[in-house]
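Here's the structure we're looking at; comments come further down.
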Amino acid sequence: MSKSKQNQPRAGKDNAAGKAASAKADTPRAASASRREQLRVQQEAESRRRRTIGIITAAAVVLAVVIIVVVVVVIVQNRGSSGGQSTPGSTADQIVPPSANADNTGLVYNRADPAAGAPEVVVYMDYQCPGCGQASKLVEPGLEELADNGEILLTYQILHGLDRNFPGDHSFRAATAATCADVQGVFPKYSKLVFAGQPATEGDGWTDQQLGTDYPKLAGLDGDALSAFQTCFTDQATADFVNSMQDALPSYVTSTPFFTVNGDQWSPTTADLASTDAMRQAIQQLAG
């Protein structure tokens with residue numbers, strides 16, 4: 001056999017071998033092996049999927065626990081004005097604002113004299129609370145209209161527990177300023193101005209210029225009334241009353257803003273805020 005012939009393909013044998021291999025692949029044994037391989041691949045994929053779900057679930061549980069812990073810490077920190085919180089003291093003669101309720105735990109809106117049997121709505125708020133700023137625009141106008149009509153007794157309990165979460169005493173200072181504004185008869189206007197001037201970043205607070213001069217002027221104070229307000233604010237003459245509101249925080253108040261109707265929690269819905277009539281109906285239904 002020549003060298004050239006040795007290098008030529010042997011087509012006949014190769015074709016025969018290919019046909020034999022093809023025939024072998026089509027046998028029942030080969031088909032069964034293929035199915036077992038497919039099953040193995042599917043099982044491995046399912047195992048990987050389950051491991052991934054397990055990891056995601058575990059991470060979600062950990063995240064939920066962290067969120068719960070953070071919420072609980074915030075709630076605990078908002079309890080009481082003493083308990084480790086350094087609240088500025090005052091050596092000035094203390095003033096009880098004229099709108100204070102009987103137990104000195106809140107300010108009664110416009111010193112209202114509601115109709116007999118009218119439900120009491122209490123608003124628990126902190127001036128540094130962003131949600132409270134929204135409530136001052138969306139909820140309080142309707143409540144104040146009902147109070148003006150004598151249909152509810154509206155009380156504002158002003159807290160300063162958020163000072164524990166941020167540097168400084170911004171909530172306490174704002175609460176002191178607001179109660180000094182009540183001494184001059186302009187609490188509702190002044191309170192809305194404080195919320196309207198709420199800083200974009202929670203915890204940044206307000207300057208003395210804002211609380212002591214800008215806002216009282218915008219609320220309508222000038223002359224002797226403005227001077228009296230500024231003396232009250234500078235001397236923290238309502239500090240004891242502000243602390244009494246914080247100390248009287250009920251255990252069921254877990255966040256701000258928080259609303260109650262005759263002591264029962266009320267969470268205003270979008271439907272409740274659609275109109276004053278809707279708000280009235282929701283309050284009356286809860287009051288029974």
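FYI, nothing fancy with the structure tokens labels: chains A, B, ... in order, residues from 1 per chain, ligands from 1 as they appear.
Of all the residues in range 155-204 of chain A, the ones DSSP labels as strand (DSSP E) from the backbone are Thr155, Tyr156, Gln157, Ile158 and Leu159 of chain A.
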(request) Would you kindly return, as a PyMOL selection string, each protein, DNA or RNA residue with an atom no farther than 6 Å from any atom of Leu153 in chain A, considering only C-alpha atoms and excluding same-chain residues fewer than 5 positions away? (result) chain A and resi 114+120+147
Residue subset to file, keeping N, CA and C atoms, as an mmCIF file, in the first residue's frame:
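What follows is the written file selection03.cif:
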data_model
loop_
_atom_site.group_PDB
_atom_site.id
_atom_site.type_symbol
_atom_site.label_atom_id
_atom_site.label_comp_id
_atom_site.auth_asym_id
_atom_site.auth_seq_id
_atom_site.Cartn_x
_atom_site.Cartn_y
_atom_site.Cartn_z
ATOM 1 N N PRO A 114 -67.122 73.147 74.269
ATOM 2 C CA PRO A 114 -67.930 72.358 73.336
ATOM 3 C C PRO A 114 -69.309 72.022 73.900
ATOM 4 N N GLU A 120 -63.789 64.076 72.996
ATOM 5 C CA GLU A 120 -62.500 64.758 73.070
ATOM 6 C C GLU A 120 -61.527 64.100 72.100
ATOM 7 N N ALA A 147 -63.968 71.836 66.237
ATOM 8 C CA ALA A 147 -63.844 72.432 67.575
ATOM 9 C C ALA A 147 -64.464 73.820 67.601
#
(message) So that I can see what lies close to Thr207 in chain A, please list as a PyMOL selection string the residues with an atom at most 10 Å from it, counting only C-alpha atoms and leaving out residues fewer than 3 positions away in the same chain.
(response) chain A and resi 170+173-174+204+210-214
Take the selection from the previous step and output its residues with C-alpha atoms, as an mmCIF file, in the first residue's frame.
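This went into again08.cif:
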data_model
loop_
_atom_site.group_PDB
_atom_site.id
_atom_site.type_symbol
_atom_site.label_atom_id
_atom_site.label_comp_id
_atom_site.auth_asym_id
_atom_site.auth_seq_id
_atom_site.Cartn_x
_atom_site.Cartn_y
_atom_site.Cartn_z
ATOM 1 C CA HIS A 170 -35.047 71.572 69.228
ATOM 2 C CA ARG A 173 -37.443 74.789 72.453
ATOM 3 C CA ALA A 174 -40.251 74.655 69.892
ATOM 4 C CA ASP A 204 -31.757 70.275 62.190
ATOM 5 C CA GLN A 210 -37.071 81.954 63.859
ATOM 6 C CA LEU A 211 -38.718 80.825 67.093
ATOM 7 C CA GLY A 212 -38.210 84.051 69.025
ATOM 8 C CA THR A 213 -38.773 86.752 66.422
ATOM 9 C CA ASP A 214 -39.832 85.664 62.935
#
(message) Applying 8 Å and only C-alpha atoms, which residues near range 258-265 of chain A remain after dropping the ones on its own chain fewer than 6 positions away? List them as an MDAnalysis selection string.
(response) chainID A and resid 119:125 283 286:287
Go ahead and save the picked residues with N, CA, C and O atoms, as a PDB file, in the first residue's frame.
ATOM      1  N   PRO A 119     -67.234  64.575  71.931  1.00  0.00           N
ATOM      2  CA  PRO A 119     -66.045  63.736  72.158  1.00  0.00           C
ATOM      3  C   PRO A 119     -64.776  64.578  72.244  1.00  0.00           C
ATOM      4  O   PRO A 119     -64.680  65.650  71.626  1.00  0.00           O
ATOM      5  N   GLU A 120     -63.789  64.076  72.996  1.00  0.00           N
ATOM      6  CA  GLU A 120     -62.500  64.758  73.070  1.00  0.00           C
ATOM      7  C   GLU A 120     -61.527  64.100  72.100  1.00  0.00           C
ATOM      8  O   GLU A 120     -61.314  62.887  72.145  1.00  0.00           O
ATOM      9  N   VAL A 121     -60.948  64.911  71.257  1.00  0.00           N
ATOM     10  CA  VAL A 121     -59.918  64.452  70.343  1.00  0.00           C
ATOM     11  C   VAL A 121     -58.584  65.016  70.831  1.00  0.00           C
ATOM     12  O   VAL A 121     -58.450  66.227  71.014  1.00  0.00           O
ATOM     13  N   VAL A 122     -57.622  64.130  71.067  1.00  0.00           N
ATOM     14  CA  VAL A 122     -56.302  64.552  71.516  1.00  0.00           C
ATOM     15  C   VAL A 122     -55.305  64.280  70.392  1.00  0.00           C
ATOM     16  O   VAL A 122     -55.274  63.184  69.830  1.00  0.00           O
ATOM     17  N   VAL A 123     -54.503  65.293  70.092  1.00  0.00           N
ATOM     18  CA  VAL A 123     -53.440  65.171  69.093  1.00  0.00           C
ATOM     19  C   VAL A 123     -52.109  65.149  69.837  1.00  0.00           C
ATOM     20  O   VAL A 123     -51.755  66.114  70.512  1.00  0.00           O
ATOM     21  N   TYR A 124     -51.384  64.041  69.726  1.00  0.00           N
ATOM     22  CA  TYR A 124     -50.051  63.926  70.316  1.00  0.00           C
ATOM     23  C   TYR A 124     -49.048  64.235  69.211  1.00  0.00           C
ATOM     24  O   TYR A 124     -49.045  63.582  68.162  1.00  0.00           O
ATOM     25  N   MET A 125     -48.187  65.217  69.447  1.00  0.00           N
ATOM     26  CA  MET A 125     -47.316  65.670  68.368  1.00  0.00           C
ATOM     27  C   MET A 125     -45.967  66.115  68.914  1.00  0.00           C
ATOM     28  O   MET A 125     -45.815  66.430  70.096  1.00  0.00           O
ATOM     29  N   ILE A 283     -65.280  60.372  63.579  1.00  0.00           N
ATOM     30  CA  ILE A 283     -65.077  60.632  65.008  1.00  0.00           C
ATOM     31  C   ILE A 283     -66.297  60.181  65.806  1.00  0.00           C
ATOM     32  O   ILE A 283     -66.166  59.533  66.869  1.00  0.00           O
ATOM     33  N   LEU A 286     -66.398  56.385  66.132  1.00  0.00           N
ATOM     34  CA  LEU A 286     -65.448  55.866  67.093  1.00  0.00           C
ATOM     35  C   LEU A 286     -65.860  56.210  68.523  1.00  0.00           C
ATOM     36  O   LEU A 286     -65.661  55.407  69.452  1.00  0.00           O
ATOM     37  N   ALA A 287     -66.452  57.376  68.697  1.00  0.00           N
ATOM     38  CA  ALA A 287     -66.875  57.813  70.030  1.00  0.00           C
ATOM     39  C   ALA A 287     -68.084  57.025  70.510  1.00  0.00           C
ATOM     40  O   ALA A 287     -68.340  56.952  71.725  1.00  0.00           O
TER      41      ALA A 287
END
(request) Tell me, as a list in words, which residues lie within 8 Å of Tyr109 in chain A, counting only C-alpha atoms; anything in the same chain fewer than 3 positions away does not count. (result)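 So the residues in contact are Ser99, Ala112, Glu144, Ala147, Leu153, Leu154, Thr155, Tyr156 and Pro188 of chain A.
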(request) Based on DSSP run over this structure's backbone, return all residues of range 82-186 of chain A in alpha helix (DSSP H), as a ChimeraX atom specification. (result) /A:130-138,140-148,170-183
